[in-house]
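So this block is data.cif, mmCIF, C-alpha atoms and all ligand atoms:
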data_start
loop_
_atom_site.label_atom_id
_atom_site.label_comp_id
_atom_site.auth_asym_id
_atom_site.auth_seq_id
_atom_site.Cartn_x
_atom_site.Cartn_y
_atom_site.Cartn_z
CA MET A 1 -13.56 6.82 5.49
CA LYS A 2 -10.41 4.74 5.27
CA LEU A 3 -9.91 6.03 1.72
CA PHE A 4 -9.08 9.48 3.04
CA GLU A 5 -6.89 8.39 5.92
CA PRO A 6 -3.16 9.04 5.66
CA PHE A 7 -0.92 6.10 4.92
CA SER A 8 2.74 5.61 5.66
CA LEU A 9 4.46 3.83 2.77
CA ALA A 10 8.10 2.99 3.51
CA GLY A 11 8.47 6.27 5.37
CA LEU A 12 6.49 8.29 2.82
CA GLU A 13 3.57 10.01 4.49
CA LEU A 14 0.71 9.92 1.98
CA ARG A 15 -2.26 12.20 2.60
CA ASN A 16 -4.76 9.50 1.59
CA ARG A 17 -4.99 6.03 0.01
CA ILE A 18 -5.65 7.12 -3.56
CA VAL A 19 -2.80 6.54 -6.01
CA ARG A 20 -2.61 7.86 -9.53
CA SER A 21 -1.44 4.79 -11.41
CA ALA A 22 1.33 5.28 -13.98
CA THR A 23 -0.20 6.82 -17.09
CA TYR A 24 1.79 7.71 -20.19
CA GLU A 25 1.17 11.38 -20.91
CA LYS A 26 2.53 12.03 -24.44
CA ARG A 27 3.41 15.48 -23.13
CA ALA A 28 7.20 15.33 -23.09
CA ASP A 29 8.92 16.82 -26.12
CA VAL A 30 10.19 14.56 -28.90
CA ASP A 31 13.41 14.01 -26.96
CA GLY A 32 11.63 13.15 -23.71
CA PHE A 33 12.21 16.44 -21.89
CA VAL A 34 9.68 18.01 -19.53
CA THR A 35 7.36 20.58 -21.16
CA GLU A 36 4.88 23.17 -19.86
CA PRO A 37 1.81 21.01 -20.70
CA LEU A 38 3.38 18.18 -18.70
CA ILE A 39 3.99 20.46 -15.72
CA GLU A 40 0.41 21.75 -15.96
CA MET A 41 -0.91 18.19 -15.92
CA TYR A 42 1.04 17.26 -12.79
CA ARG A 43 0.06 20.54 -11.15
CA ALA A 44 -3.61 19.61 -11.72
CA LEU A 45 -3.05 16.09 -10.40
CA ALA A 46 -1.33 17.40 -7.27
CA ASP A 47 -4.06 20.01 -6.72
CA GLY A 48 -6.58 17.23 -7.28
CA GLY A 49 -5.63 15.56 -4.03
CA ALA A 50 -4.22 12.10 -4.89
CA GLY A 51 -2.11 10.72 -2.05
CA LEU A 52 0.56 9.42 -4.41
CA ILE A 53 1.22 10.18 -8.06
CA ILE A 54 3.13 7.70 -10.21
CA THR A 55 4.43 9.19 -13.48
CA GLY A 56 3.87 7.63 -16.86
CA ASN A 57 6.52 5.12 -17.89
CA ALA A 58 9.89 6.86 -18.16
CA LEU A 59 12.44 5.49 -20.56
CA ILE A 60 15.62 4.12 -18.99
CA HIS A 61 17.38 3.16 -22.24
CA PRO A 62 16.81 4.20 -25.88
CA SER A 63 16.29 0.54 -26.89
CA GLY A 64 13.12 0.45 -24.78
CA ARG A 65 11.10 3.24 -26.41
CA SER A 66 7.57 1.91 -26.81
CA VAL A 67 5.69 5.18 -27.34
CA PRO A 68 6.57 8.67 -28.63
CA GLN A 69 7.05 11.69 -26.36
CA ALA A 70 7.23 9.72 -23.12
CA LEU A 71 9.36 11.06 -20.31
CA CYS A 72 13.01 10.01 -20.56
CA ILE A 73 15.60 9.52 -17.85
CA HIS A 74 18.39 7.72 -19.66
CA ASN A 75 20.95 10.48 -19.22
CA ASP A 76 21.79 13.26 -16.76
CA HIS A 77 20.42 16.03 -18.99
CA TYR A 78 16.87 15.12 -17.97
CA VAL A 79 17.35 15.78 -14.26
CA ASP A 80 16.87 19.59 -14.19
CA GLY A 81 13.53 19.50 -16.04
CA LEU A 82 12.26 16.67 -13.88
CA LYS A 83 13.15 18.67 -10.78
CA ARG A 84 10.59 21.28 -11.88
CA LEU A 85 8.00 18.52 -12.01
CA THR A 86 8.70 17.19 -8.53
CA ASP A 87 8.82 20.75 -7.10
CA ILE A 88 5.34 21.51 -8.44
CA VAL A 89 3.91 18.37 -6.81
CA HIS A 90 5.70 18.85 -3.50
CA ALA A 91 4.63 22.50 -3.26
CA ARG A 92 1.04 21.19 -3.32
CA GLY A 93 1.53 18.61 -0.59
CA GLY A 94 1.71 15.67 -2.98
CA LYS A 95 4.15 12.80 -3.35
CA ILE A 96 5.49 11.62 -6.69
CA VAL A 97 7.21 8.43 -7.76
CA MET A 98 8.74 7.84 -11.17
CA GLN A 99 7.88 4.67 -13.08
CA LEU A 100 11.00 3.30 -14.77
CA SER A 101 10.41 1.22 -17.86
CA HIS A 102 11.88 -0.57 -20.83
CA GLY A 103 9.39 -1.64 -23.50
CA GLY A 104 11.15 -4.89 -24.49
CA ARG A 105 9.48 -6.68 -27.38
CA GLN A 106 6.44 -4.37 -27.22
CA CYS A 107 8.38 -1.62 -29.02
CA PHE A 108 8.19 -0.77 -32.70
CA PRO A 109 11.23 -0.41 -34.98
CA THR A 110 9.88 2.99 -36.11
CA LEU A 111 10.61 4.32 -32.60
CA LEU A 112 13.97 2.54 -32.40
CA GLY A 113 15.64 4.10 -35.41
CA GLY A 114 14.73 1.03 -37.45
CA ASN A 115 16.27 -1.41 -34.99
CA GLN A 116 14.58 -4.60 -33.89
CA PRO A 117 13.10 -4.61 -30.36
CA ILE A 118 15.00 -6.63 -27.76
CA ALA A 119 13.64 -9.20 -25.30
CA PRO A 120 14.77 -12.17 -23.19
CA SER A 121 13.94 -14.55 -26.05
CA ALA A 122 12.99 -14.32 -29.72
CA VAL A 123 9.30 -15.09 -29.16
CA TYR A 124 7.00 -13.85 -31.94
CA ASP A 125 4.28 -11.43 -30.78
CA PRO A 126 1.13 -11.94 -32.88
CA SER A 127 -0.32 -8.62 -31.70
CA THR A 128 2.55 -6.56 -33.14
CA LYS A 129 3.74 -9.14 -35.67
CA ILE A 130 7.27 -8.62 -34.35
CA THR A 131 9.89 -11.19 -33.42
CA PRO A 132 12.33 -9.49 -31.06
CA LEU A 133 16.05 -10.05 -30.84
CA ALA A 134 17.13 -12.20 -27.87
CA MET A 135 19.43 -10.20 -25.58
CA ASP A 136 22.95 -11.43 -24.93
CA ASP A 137 24.51 -11.33 -21.50
CA ALA A 138 26.27 -7.99 -22.05
CA LYS A 139 23.04 -6.33 -23.20
CA ILE A 140 21.17 -7.66 -20.19
CA TRP A 141 23.71 -6.19 -17.77
CA GLU A 142 23.69 -2.90 -19.70
CA ILE A 143 19.92 -2.65 -19.16
CA VAL A 144 20.16 -3.67 -15.49
CA TYR A 145 22.63 -0.82 -14.89
CA SER A 146 20.49 1.56 -16.94
CA PHE A 147 17.65 0.99 -14.47
CA ALA A 148 20.05 1.72 -11.61
CA ASP A 149 21.39 4.92 -13.24
CA ALA A 150 17.83 6.05 -13.95
CA ALA A 151 16.83 5.48 -10.31
CA ARG A 152 19.78 7.57 -9.10
CA ARG A 153 18.76 10.38 -11.47
CA ALA A 154 15.15 10.13 -10.27
CA MET A 155 16.36 10.54 -6.69
CA TYR A 156 18.44 13.61 -7.64
CA ALA A 157 15.43 15.03 -9.48
CA GLY A 158 13.49 14.93 -6.21
CA PHE A 159 11.20 11.97 -6.77
CA ASP A 160 9.95 10.32 -3.60
CA GLY A 161 10.72 6.87 -4.94
CA ILE A 162 10.65 4.80 -8.10
CA GLN A 163 8.43 2.06 -9.42
CA ILE A 164 9.92 -0.66 -11.62
CA HIS A 165 7.44 -1.40 -14.43
CA ALA A 166 7.36 -5.20 -14.29
CA ALA A 167 3.82 -5.58 -15.65
CA HIS A 168 1.93 -5.62 -18.96
CA GLY A 169 4.44 -7.59 -21.06
CA TYR A 170 7.20 -4.98 -21.12
CA LEU A 171 10.83 -6.01 -20.62
CA VAL A 172 10.90 -6.83 -16.89
CA SER A 173 7.57 -8.62 -17.17
CA GLU A 174 9.01 -10.56 -20.14
CA PHE A 175 11.84 -11.86 -17.98
CA LEU A 176 9.36 -13.00 -15.30
CA SER A 177 6.96 -14.69 -17.71
CA PRO A 178 7.60 -18.29 -18.80
CA HIS A 179 5.86 -17.41 -22.09
CA THR A 180 8.33 -14.72 -23.15
CA ASN A 181 11.41 -15.99 -21.31
CA ARG A 182 12.54 -19.27 -22.94
CA ARG A 183 16.19 -18.93 -21.93
CA ASP A 184 18.25 -21.64 -20.30
CA ASP A 185 20.98 -19.71 -18.51
CA TYR A 186 21.33 -17.44 -15.47
CA TRP A 187 18.36 -15.35 -16.71
CA GLY A 188 15.82 -18.07 -17.40
CA GLY A 189 15.00 -21.75 -17.48
CA ASP A 190 12.98 -22.05 -14.28
CA GLU A 191 11.12 -19.85 -11.85
CA GLU A 192 14.20 -19.00 -9.83
CA ARG A 193 16.28 -17.99 -12.82
CA ARG A 194 13.45 -15.97 -14.39
CA PHE A 195 13.53 -13.91 -11.19
CA HIS A 196 17.21 -12.99 -11.63
CA PHE A 197 16.61 -9.99 -13.92
CA ILE A 198 14.38 -8.13 -11.48
CA GLU A 199 16.55 -9.24 -8.55
CA GLU A 200 19.76 -7.92 -10.15
CA THR A 201 17.92 -4.75 -11.17
CA TYR A 202 16.72 -4.21 -7.61
CA GLU A 203 20.19 -4.83 -6.16
CA ALA A 204 21.82 -2.51 -8.70
CA ILE A 205 19.30 0.24 -7.91
CA ARG A 206 19.78 -0.21 -4.16
CA LYS A 207 23.49 0.52 -4.54
CA GLU A 208 22.74 3.80 -6.35
CA VAL A 209 20.14 5.31 -4.00
CA VAL A 210 20.01 6.12 -0.31
CA SER A 211 18.86 3.22 1.84
CA THR A 212 15.51 4.82 2.66
CA PHE A 213 14.57 5.54 -0.98
CA PRO A 214 11.39 3.57 -1.77
CA ILE A 215 11.60 1.07 -4.62
CA MET A 216 8.20 -0.24 -5.72
CA VAL A 217 7.11 -2.73 -8.36
CA LYS A 218 4.07 -2.95 -10.64
CA MET A 219 3.57 -6.53 -11.74
CA ASN A 220 1.10 -8.93 -13.28
CA ALA A 221 -0.96 -11.22 -11.10
CA ASP A 222 -1.75 -13.04 -14.35
CA ASP A 223 -0.50 -12.67 -17.95
CA PHE A 224 -3.82 -14.10 -19.20
CA ILE A 225 -1.97 -16.13 -21.77
CA GLU A 226 -1.36 -19.84 -22.11
CA GLY A 227 2.07 -20.71 -20.78
CA GLY A 228 2.38 -17.27 -19.21
CA LEU A 229 2.69 -16.09 -15.62
CA ARG A 230 -0.19 -17.37 -13.48
CA PRO A 231 -1.31 -16.18 -10.03
CA ALA A 232 0.43 -18.93 -8.00
CA GLU A 233 3.88 -18.12 -9.41
CA ALA A 234 3.14 -14.39 -9.34
CA LEU A 235 2.51 -14.62 -5.61
CA ARG A 236 5.81 -16.42 -5.07
CA ILE A 237 7.54 -13.68 -7.09
CA ALA A 238 5.90 -11.03 -4.91
CA GLN A 239 7.06 -12.86 -1.79
CA ARG A 240 10.62 -12.92 -3.12
CA LEU A 241 10.38 -9.20 -3.92
CA GLN A 242 9.25 -8.58 -0.38
CA SER A 243 12.25 -10.51 0.95
CA LEU A 244 14.53 -8.36 -1.20
CA GLY A 245 13.13 -5.22 0.41
CA ILE A 246 10.66 -3.87 -2.16
CA SER A 247 8.55 -1.12 -0.56
CA ALA A 248 5.17 -1.80 -2.17
CA ILE A 249 3.62 -3.74 -4.99
CA GLU A 250 0.91 -2.74 -7.46
CA MET A 251 -1.19 -5.57 -8.88
CA SER A 252 -2.21 -5.52 -12.52
CA GLY A 253 -2.30 -8.06 -15.36
CA GLY A 254 -2.17 -8.77 -19.09
CA MET A 255 0.16 -8.09 -21.99
CA PHE A 256 -0.40 -6.90 -25.61
CA GLU A 257 -0.78 -10.48 -26.80
CA ALA A 258 -3.53 -11.21 -24.27
CA GLY A 259 -5.90 -8.58 -25.71
CA LYS A 260 -7.83 -6.07 -23.65
CA MET A 261 -7.07 -7.43 -20.17
CA THR A 262 -5.03 -4.55 -18.74
CA VAL A 263 -7.13 -1.53 -19.66
CA ARG A 264 -10.63 -3.03 -19.89
CA PRO A 265 -13.28 -1.05 -21.76
CA ASN A 266 -16.90 -0.26 -20.88
CA ILE A 267 -16.94 -0.57 -17.11
CA GLU A 268 -20.57 0.18 -16.38
CA THR A 269 -21.51 -1.62 -13.17
CA GLU A 270 -19.91 -1.99 -9.76
CA GLU A 271 -19.45 -5.71 -10.51
CA GLN A 272 -17.25 -4.84 -13.50
CA GLU A 273 -15.12 -2.52 -11.39
CA ALA A 274 -11.83 -3.39 -9.70
CA TYR A 275 -11.11 -6.34 -11.97
CA PHE A 276 -7.87 -7.29 -10.20
CA ARG A 277 -9.41 -7.05 -6.75
CA GLU A 278 -9.68 -10.78 -6.15
CA ALA A 279 -6.06 -11.37 -7.16
CA ALA A 280 -4.91 -8.40 -5.08
CA GLY A 281 -6.74 -9.80 -2.05
CA ILE A 282 -4.78 -13.03 -2.33
CA PHE A 283 -1.56 -11.04 -2.56
CA ALA A 284 -2.51 -8.74 0.31
CA ARG A 285 -3.16 -11.71 2.56
CA GLY A 286 0.08 -13.44 1.53
CA LEU A 287 2.33 -10.40 2.00
CA PHE A 288 3.15 -7.88 4.68
CA MET A 289 4.37 -5.12 2.33
CA PRO A 290 1.71 -2.65 1.12
CA VAL A 291 -0.38 -3.77 -1.86
CA MET A 292 -1.99 -1.40 -4.37
CA VAL A 293 -4.69 -2.56 -6.72
CA VAL A 294 -5.36 -1.00 -10.10
CA GLY A 295 -7.92 -1.68 -12.83
CA GLY A 296 -11.42 -0.35 -13.27
CA ILE A 297 -11.95 1.37 -9.92
CA ARG A 298 -14.64 3.97 -10.58
CA SER A 299 -16.72 4.37 -7.41
CA ARG A 300 -15.91 5.76 -4.03
CA SER A 301 -17.87 2.96 -2.37
CA VAL A 302 -15.99 0.24 -4.27
CA ALA A 303 -12.65 1.87 -3.40
CA GLU A 304 -13.65 2.10 0.25
CA ASP A 305 -14.90 -1.49 0.32
CA ILE A 306 -11.56 -2.75 -1.09
CA LEU A 307 -9.76 -1.05 1.80
CA GLN A 308 -12.32 -2.08 4.44
CA LYS A 309 -12.11 -5.75 3.39
CA GLU A 310 -8.32 -5.46 3.23
CA ASP A 311 -8.06 -6.61 -0.37
CA ALA A 312 -5.45 -3.86 -0.76
CA ASP A 313 -3.85 -1.07 1.25
CA LEU A 314 -4.13 1.52 -1.51
CA VAL A 315 -6.34 1.96 -4.57
CA SER A 316 -4.76 2.98 -7.83
CA ILE A 317 -6.59 4.81 -10.63
CA SER A 318 -5.56 5.79 -14.16
CA ARG A 319 -8.24 6.66 -16.75
CA PRO A 320 -10.65 8.53 -14.45
CA LEU A 321 -7.85 10.91 -13.49
CA ILE A 322 -7.23 11.73 -17.15
CA ARG A 323 -10.77 13.08 -17.27
CA GLU A 324 -10.92 14.41 -13.69
CA PRO A 325 -7.52 15.04 -12.13
CA ASP A 326 -9.41 16.34 -9.08
CA LEU A 327 -11.42 13.14 -8.61
CA PRO A 328 -9.84 12.44 -5.18
CA LEU A 329 -11.08 15.84 -3.92
CA LYS A 330 -14.50 15.23 -5.46
CA PHE A 331 -14.67 11.82 -3.75
CA MET A 332 -13.85 13.58 -0.50
CA GLN A 333 -16.66 16.04 -1.09
CA GLY A 334 -19.12 13.17 -1.57
CA LYS A 335 -19.07 12.40 -5.29
CA GLU A 336 -19.83 8.69 -5.71
CA ARG A 337 -18.76 7.79 -9.22
CA ALA A 338 -16.10 8.97 -11.68
CA ASP A 339 -17.27 10.48 -14.98
CA CYS A 340 -14.94 8.17 -16.96
CA ILE A 341 -16.92 5.67 -19.04
CA SER A 342 -13.87 3.58 -20.01
CA CYS A 343 -14.37 4.28 -23.73
CA ASN A 344 -10.59 4.03 -24.10
CA ASN A 345 -10.35 6.97 -26.49
CA CYS A 346 -7.43 8.12 -24.33
CA MET A 347 -5.55 5.03 -25.55
CA ARG A 348 -5.44 6.25 -29.15
CA PHE A 349 -1.92 7.41 -28.56
CA LEU A 350 -0.89 7.92 -32.13
CA LYS A 351 -3.99 9.91 -33.10
CA LEU A 352 -3.98 12.21 -30.05
CA ASP A 353 -1.58 15.15 -29.78
CA MET A 354 -1.35 14.29 -26.07
CA VAL A 355 -3.09 11.79 -23.79
CA ARG A 356 -6.38 13.39 -22.78
CA CYS A 357 -10.05 12.57 -22.47
CA THR A 358 -12.12 12.73 -25.65
CA GLN A 359 -14.99 10.75 -24.20
CA THR A 360 -17.62 9.29 -26.50
CA LYS A 361 -20.34 6.90 -25.45
CA ASP A 362 -20.35 4.72 -28.56
CA THR A 363 -16.70 3.60 -28.59
C1 LIG A 401 -3.58 6.42 -21.56
C2 LIG A 401 -3.01 5.34 -20.69
C3 LIG A 401 -1.65 5.28 -20.47
C4 LIG A 401 -1.11 4.29 -19.63
N1 LIG A 401 0.23 4.28 -19.37
C5 LIG A 401 0.74 3.40 -18.48
C6 LIG A 401 2.10 3.46 -18.10
O1 LIG A 401 2.86 4.32 -18.55
N2 LIG A 401 2.55 2.53 -17.21
C7 LIG A 401 1.72 1.58 -16.66
O2 LIG A 401 2.17 0.79 -15.84
N3 LIG A 401 0.43 1.52 -16.99
C8 LIG A 401 -0.09 2.41 -17.87
N4 LIG A 401 -1.42 2.39 -18.16
C9 LIG A 401 -2.28 1.42 -17.45
C10 LIG A 401 -2.86 2.04 -16.19
O3 LIG A 401 -1.88 2.37 -15.25
C11 LIG A 401 -3.86 1.07 -15.50
O4 LIG A 401 -3.13 -0.09 -15.11
C12 LIG A 401 -5.03 0.68 -16.38
O5 LIG A 401 -5.47 1.78 -17.16
C13 LIG A 401 -6.24 0.20 -15.56
O6 LIG A 401 -6.63 1.16 -14.61
P1 LIG A 401 -7.89 2.17 -14.82
O7 LIG A 401 -9.10 1.31 -15.03
O8 LIG A 401 -7.95 2.95 -13.56
O9 LIG A 401 -7.61 2.99 -16.03
C14 LIG A 401 -1.97 3.34 -19.01
C15 LIG A 401 -3.35 3.41 -19.25
C16 LIG A 401 -3.86 4.40 -20.07
C17 LIG A 401 -5.35 4.47 -20.27
#

For this file, write the structure as structure tokens.
Amino acid sequence: MKLFEPFSLAGLELRNRIVRSATYEKRADVDGFVTEPLIEMYRALADGGAGLIITGNALIHPSGRSVPQALCIHNDHYVDGLKRLTDIVHARGGKIVMQLSHGGRQCFPTLLGGNQPIAPSAVYDPSTKITPLAMDDAKIWEIVYSFADAARRAMYAGFDGIQIHAAHGYLVSEFLSPHTNRRDDYWGGDEERRFHFIEETYEAIRKEVVSTFPIMVKMNADDFIEGGLRPAEALRIAQRLQSLGISAIEMSGGMFEAGKMTVRPNIETEEQEAYFREAAGIFARGLFMPVMVVGGIRSRSVAEDILQKEDADLVSISRPLIREPDLPLKFMQGKERADCISCNNCMRFLKLDMVRCTQTKDT
């Protein structure tokens, strides 16, 4: 099966085509340092056979904290602990990439020491009832360089690459989206200027890491919101990213305001699976860099069919690996369908002590 064939991603030799999509763990300590439960989780994921593991969103600047006890990488003190994490994965033949993120307007003042969240523009978010503060030029550059510093630290901590979180309505996604970016300056006003934030971020990162260090992007194919990013522009963005030298792209969609589009509940049939497959296929055919597709992949046969029909080069999975970190191995041994029922109990971040499966059928 193609699913279990090795894949070379920007020089990274992956043992198969199954990616663990970035999944917030709530297992760092309150200051964002690596803990034993976090190490145990990544040990299980690496033993479980995934070809590539992408960490949960790691915080590149204190103003971007969107959830408690996420991994942090906004200063050098985090590097030693993170090195333990990458060592555990490498010792088990795995590869691990760190997702770098800033929460933008989808942060809550309670996690920001009472401060207002920041964003490209002061656009009210009805889902959080928050109007963020529009960033000035100095703040924008500060965040651009924070991404670059974080990438350098990730490299020193032994990560095999980084992924810029440019999806789901967080800060980078907010710069790309015409809905959340209403600026009329270098950073917004038209498609080309909305691209500047991710372009400057990429260029700043490139200067901080060795030339072979993979830089990937997770982005929306569609914001699913009126006036937001739509597939045609998203494809042009991906093509520009490819021209910059991005190593791979992961296709997702949605933002808080759009409702349950990103992490869709109750996936029961094969038809409901792989809900970004069609979009990913368009991207895969319009790009020569590797494309990953995430969202609702539950069956081995669906995953294999995506690869066979070349709708993506890699399949990316989040919730099923919370329940079964060894799902890739089980797929290899012939298991057909993940046990995850997409009840989304794992999303109850504030109620759970850590992100884990508490599956119930009636939620
Ligand atoms: C508990 C949980 C935490 C998540 N954390 C992140 C994250 O840190 N970064 C990210 O890009 N996506 C995150 N996601 C979204 C997943 O990566 C994925 O895009 C989404 O769950 C759909 O894939 P799935 O059907 O395989 O779960 C999270 C999803 C869940 C359920």

Closest of A:Met155, A:Met135, A:Met216, A:Ala166 to Ser252 (chain A) - atom-to-atom distances counting all atoms listed in the file
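For Ser252 (chain A), the nearest of the candidates is A:Ala166.
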
List as a list of chain:residue names the protein and nucleic acid residues lying within 7 Å of ligand LIG 401 (chain A), with only C-alpha atoms and all ligand atoms counted.
A:Ser21, A:Ala22, A:Thr23, A:Tyr24, A:Glu25, A:Gly56, A:Asn57, A:His165, A:Ala167, A:Lys218, A:Ser252, A:Thr262, A:Val263, A:Arg264, A:Val294, A:Gly295, A:Gly296, A:Ile297, A:Ser316, A:Ile317, A:Ser318, A:Arg319, A:Pro320, A:Asn344, A:Cys346, A:Met347, A:Val355

Between CA of Thr110 (chain A) and CA of Tyr124 (chain A), what is the distance in Å, rounded to a tenth?
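Atom-to-atom, CA of Thr110 (chain A) to CA of Tyr124 (chain A), that is 17.6 Å.
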
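Pairwise distance (CA of Ala248 (chain A), CA of Val291 (chain A)) equals 5.9 Å.
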
Around (6.5, -1.5, -24.5) in the file's frame, which residues reach within 9 Å when counting all atoms listed in the file? Return as a list in words?
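Those within range, by chain then number, are Gly64, Arg65, Ser66, Val67, Ser101, His102, Gly103, Gly104, Arg105, Gln106, Cys107, Phe108, His168, Gly169, Tyr170, Leu171 and Phe256 of chain A.
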
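Nearest to Pro231 (chain A) of all the residues A:Leu350, A:Ala157, A:Ala148, A:Met219 is A:Met219, based on all atoms listed in the file.
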
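In terms of minimum interatomic distance to Lys335 (chain A), A:Arg300 ranks closest within A:Arg84, A:Lys95, A:Arg300, A:Lys26, counting only C-alpha atoms.
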
Restrict the calculation to all atoms listed in the file, then for each residue of region 122-214 of chain A with any atom at most 9 Å from an atom of region 85-93 of chain A give the closest atom pair and their distance in Å to one decimal, rows by chain and rising residue number, as a Markdown table.
| residue | atom | partner | partner_atom | distance |
| --- | --- | --- | --- | --- |
| A:Ala157 | CA | A:Thr86 | CA | 7.1 |
| A:Gly158 | CA | A:Thr86 | CA | 5.8 |
| A:Phe159 | CA | A:Thr86 | CA | 6.0 |
| A:Asp160 | CA | A:Thr86 | CA | 8.5 |

Proximity to Ser8 (chain A) - best of A:Leu329, A:Ile162, A:Ala28, A:Leu52, all atoms listed in the file:
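Closest to Ser8 (chain A) of all the choices is A:Leu52.
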